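So this block is upload_38.txt, compact mmCIF, N, CA and C atoms:
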```txt
# COMPACT_ATOMS: atom_id res chain seq x y z
N MET A 5 6.06 0.78 -24.82
CA MET A 5 6.33 0.72 -23.41
C MET A 5 5.37 1.67 -22.68
N SER A 6 4.84 1.23 -21.54
CA SER A 6 3.88 2.00 -20.78
C SER A 6 4.56 3.17 -20.07
N MET A 7 3.86 4.30 -20.02
CA MET A 7 4.38 5.47 -19.33
C MET A 7 3.88 5.50 -17.87
N GLU A 8 3.22 4.39 -17.45
CA GLU A 8 2.68 4.31 -16.10
C GLU A 8 3.79 4.47 -15.07
N LYS A 9 3.49 5.20 -14.00
CA LYS A 9 4.46 5.43 -12.94
C LYS A 9 4.79 4.11 -12.24
N LYS A 10 6.08 3.88 -12.00
CA LYS A 10 6.52 2.67 -11.32
C LYS A 10 6.04 2.70 -9.87
N PHE A 11 5.55 1.56 -9.39
CA PHE A 11 5.05 1.46 -8.02
C PHE A 11 6.20 1.59 -7.04
N ASP A 12 6.01 2.41 -6.01
CA ASP A 12 7.02 2.63 -4.98
C ASP A 12 6.65 1.82 -3.75
N TYR A 13 7.15 0.58 -3.68
CA TYR A 13 6.83 -0.33 -2.58
C TYR A 13 7.27 0.25 -1.25
N ASP A 14 8.49 0.75 -1.18
CA ASP A 14 9.01 1.32 0.08
C ASP A 14 8.16 2.52 0.52
N GLY A 15 7.76 3.33 -0.42
CA GLY A 15 6.91 4.47 -0.11
C GLY A 15 5.55 4.03 0.42
N ALA A 16 5.00 2.98 -0.16
CA ALA A 16 3.71 2.46 0.29
C ALA A 16 3.81 1.91 1.71
N VAL A 17 4.88 1.19 2.00
CA VAL A 17 5.08 0.66 3.35
C VAL A 17 5.24 1.81 4.35
N ALA A 18 5.97 2.83 3.98
CA ALA A 18 6.14 3.99 4.86
C ALA A 18 4.79 4.68 5.11
N GLU A 19 3.98 4.79 4.07
CA GLU A 19 2.67 5.40 4.25
C GLU A 19 1.79 4.54 5.15
N LEU A 20 1.87 3.22 5.01
CA LEU A 20 1.10 2.33 5.88
C LEU A 20 1.52 2.49 7.34
N GLU A 21 2.80 2.68 7.57
CA GLU A 21 3.27 2.90 8.94
C GLU A 21 2.72 4.20 9.51
N LYS A 22 2.66 5.25 8.69
CA LYS A 22 2.10 6.52 9.14
C LYS A 22 0.60 6.38 9.43
N ILE A 23 -0.08 5.63 8.58
CA ILE A 23 -1.51 5.41 8.78
C ILE A 23 -1.73 4.66 10.08
N ALA A 24 -0.93 3.65 10.35
CA ALA A 24 -1.07 2.88 11.60
C ALA A 24 -0.90 3.79 12.81
N ALA A 25 0.07 4.68 12.76
CA ALA A 25 0.31 5.60 13.87
C ALA A 25 -0.89 6.54 14.05
N ARG A 26 -1.46 7.01 12.94
CA ARG A 26 -2.61 7.90 13.01
C ARG A 26 -3.82 7.19 13.62
N VAL A 27 -4.05 5.94 13.21
CA VAL A 27 -5.19 5.18 13.71
C VAL A 27 -5.04 4.89 15.21
N GLU A 28 -3.80 4.66 15.64
CA GLU A 28 -3.56 4.37 17.05
C GLU A 28 -3.64 5.61 17.93
N ASP A 29 -3.61 6.79 17.35
CA ASP A 29 -3.68 8.03 18.11
C ASP A 29 -5.12 8.24 18.60
N PRO A 30 -5.31 8.34 19.91
CA PRO A 30 -6.66 8.51 20.45
C PRO A 30 -7.35 9.79 19.96
N ALA A 31 -6.60 10.76 19.49
CA ALA A 31 -7.19 12.01 19.02
C ALA A 31 -7.77 11.90 17.61
N THR A 32 -7.51 10.80 16.92
CA THR A 32 -7.99 10.62 15.56
C THR A 32 -9.49 10.29 15.58
N GLY A 33 -10.26 11.06 14.83
CA GLY A 33 -11.71 10.86 14.77
C GLY A 33 -12.10 9.67 13.91
N LEU A 34 -13.34 9.24 14.08
CA LEU A 34 -13.84 8.08 13.34
C LEU A 34 -13.83 8.29 11.84
N ASP A 35 -14.16 9.50 11.38
CA ASP A 35 -14.14 9.77 9.94
C ASP A 35 -12.73 9.62 9.38
N GLU A 36 -11.74 10.11 10.12
CA GLU A 36 -10.35 10.00 9.68
C GLU A 36 -9.91 8.53 9.70
N ILE A 37 -10.32 7.79 10.71
CA ILE A 37 -9.98 6.36 10.78
C ILE A 37 -10.57 5.64 9.58
N ASP A 38 -11.81 5.97 9.22
CA ASP A 38 -12.44 5.35 8.05
C ASP A 38 -11.63 5.64 6.79
N ARG A 39 -11.19 6.89 6.60
CA ARG A 39 -10.37 7.23 5.42
C ARG A 39 -9.04 6.48 5.46
N CYS A 40 -8.46 6.37 6.64
CA CYS A 40 -7.19 5.64 6.79
C CYS A 40 -7.34 4.17 6.40
N ILE A 41 -8.43 3.57 6.85
CA ILE A 41 -8.66 2.16 6.54
C ILE A 41 -8.85 1.96 5.04
N ARG A 42 -9.61 2.84 4.42
CA ARG A 42 -9.81 2.74 2.97
C ARG A 42 -8.49 2.90 2.21
N ARG A 43 -7.67 3.86 2.63
CA ARG A 43 -6.38 4.06 1.97
C ARG A 43 -5.46 2.88 2.20
N SER A 44 -5.45 2.35 3.43
CA SER A 44 -4.58 1.20 3.72
C SER A 44 -5.00 -0.02 2.91
N ASP A 45 -6.31 -0.21 2.73
CA ASP A 45 -6.78 -1.33 1.89
C ASP A 45 -6.22 -1.22 0.48
N GLU A 46 -6.24 -0.01 -0.08
CA GLU A 46 -5.73 0.20 -1.43
C GLU A 46 -4.22 -0.04 -1.48
N LEU A 47 -3.50 0.48 -0.50
CA LEU A 47 -2.04 0.29 -0.48
C LEU A 47 -1.68 -1.19 -0.34
N ILE A 48 -2.38 -1.90 0.52
CA ILE A 48 -2.12 -3.33 0.70
C ILE A 48 -2.38 -4.09 -0.59
N ARG A 49 -3.48 -3.75 -1.28
CA ARG A 49 -3.77 -4.40 -2.56
C ARG A 49 -2.64 -4.17 -3.56
N GLN A 50 -2.15 -2.92 -3.63
CA GLN A 50 -1.06 -2.61 -4.55
C GLN A 50 0.23 -3.33 -4.17
N CYS A 51 0.51 -3.40 -2.89
CA CYS A 51 1.72 -4.11 -2.43
C CYS A 51 1.66 -5.58 -2.79
N ARG A 52 0.51 -6.19 -2.55
CA ARG A 52 0.35 -7.62 -2.88
C ARG A 52 0.54 -7.86 -4.38
N GLU A 53 -0.05 -6.99 -5.18
CA GLU A 53 0.09 -7.11 -6.64
C GLU A 53 1.55 -6.98 -7.05
N TYR A 54 2.22 -6.01 -6.48
CA TYR A 54 3.64 -5.79 -6.77
C TYR A 54 4.47 -7.01 -6.37
N LEU A 55 4.22 -7.53 -5.18
CA LEU A 55 4.98 -8.69 -4.71
C LEU A 55 4.71 -9.93 -5.56
N ARG A 56 3.47 -10.11 -6.00
CA ARG A 56 3.17 -11.23 -6.91
C ARG A 56 3.94 -11.09 -8.22
N THR A 57 4.00 -9.88 -8.74
CA THR A 57 4.72 -9.63 -9.98
C THR A 57 6.22 -9.91 -9.81
N VAL A 58 6.78 -9.47 -8.70
CA VAL A 58 8.20 -9.73 -8.43
C VAL A 58 8.44 -11.23 -8.30
N ARG A 59 7.57 -11.92 -7.55
CA ARG A 59 7.71 -13.36 -7.38
C ARG A 59 7.65 -14.08 -8.74
N ASP A 60 6.69 -13.70 -9.57
CA ASP A 60 6.57 -14.32 -10.89
C ASP A 60 7.82 -14.07 -11.74
N THR A 61 8.35 -12.86 -11.65
CA THR A 61 9.57 -12.53 -12.40
C THR A 61 10.73 -13.40 -11.94
N ILE A 62 10.87 -13.55 -10.64
CA ILE A 62 11.96 -14.38 -10.09
C ILE A 62 11.77 -15.83 -10.47
N ASP A 63 10.53 -16.31 -10.40
CA ASP A 63 10.25 -17.71 -10.77
C ASP A 63 10.60 -18.00 -12.22
N ASN A 64 10.52 -16.98 -13.07
CA ASN A 64 10.79 -17.18 -14.50
C ASN A 64 12.25 -16.98 -14.87
N LEU A 65 13.08 -16.70 -13.90
CA LEU A 65 14.51 -16.53 -14.20
C LEU A 65 15.18 -17.86 -14.42
```
Output the structure of this file as structure tokens.
Amino acid sequence: MSMEKKFDYDGAVAELEKIAARVEDPATGLDEIDRCIRRSDELIRQCREYLRTVRDTIDNL
């Protein structure tokens, strides 16, 4: 059995919401926006992968 940490979907969504708020803040600099976009891309990829796995699990029930 893998010792890999279980993906926290709710945590990822919460982080995406925080990132969105930061990007919408006019005080956020371009460098920070770039980091936010890169992090959000990674979180979205992980969420999609997680949701595909859940869907496949449900389909196989």
Discussion item. Can you measure atom N of Asp14 in chain A to CA of Gln50 in chain A for me? One decimal in Å is fine.
Written reply: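 A separation of 10.7 Å between them.
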Fill in: Top pick for closest residue to Leu55 in chain A, considering A:Val27, A:Leu20, A:Phe11, A:Ile41 and counting only C-alpha atoms
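Selected residue with least distance to Leu55 in chain A: A:Phe11.
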Item to complete: Write out as number ranges by chain the residues lying within 12 Å of Arg52 in chain A, counting only C-alpha atoms and excluding same-chain residues fewer than 4 positions away.
Response: A: 11, 13, 16-17, 45-48, 56-59
Practice prompt. Can you work out the spacing between atom C of Ile37 in chain A and atom C of Asp12 in chain A in Å, to one decimal?
Written response: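 Taking atom C of Ile37 in chain A as the start and atom C of Asp12 in chain A as the end point, the length is 22.1 Å.
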Hey, could you pull the box centre and edge lengths for range 48-57 of chain A, axis-aligned, 6 Å padding per side, all listed atoms, to one decimal in Å, as AutoDock Vina command-line options?
```
--center_x 1.2 --center_y -6.6 --center_z -4.6 --size_x 22.0 --size_y 21.3 --size_z 22.7
```
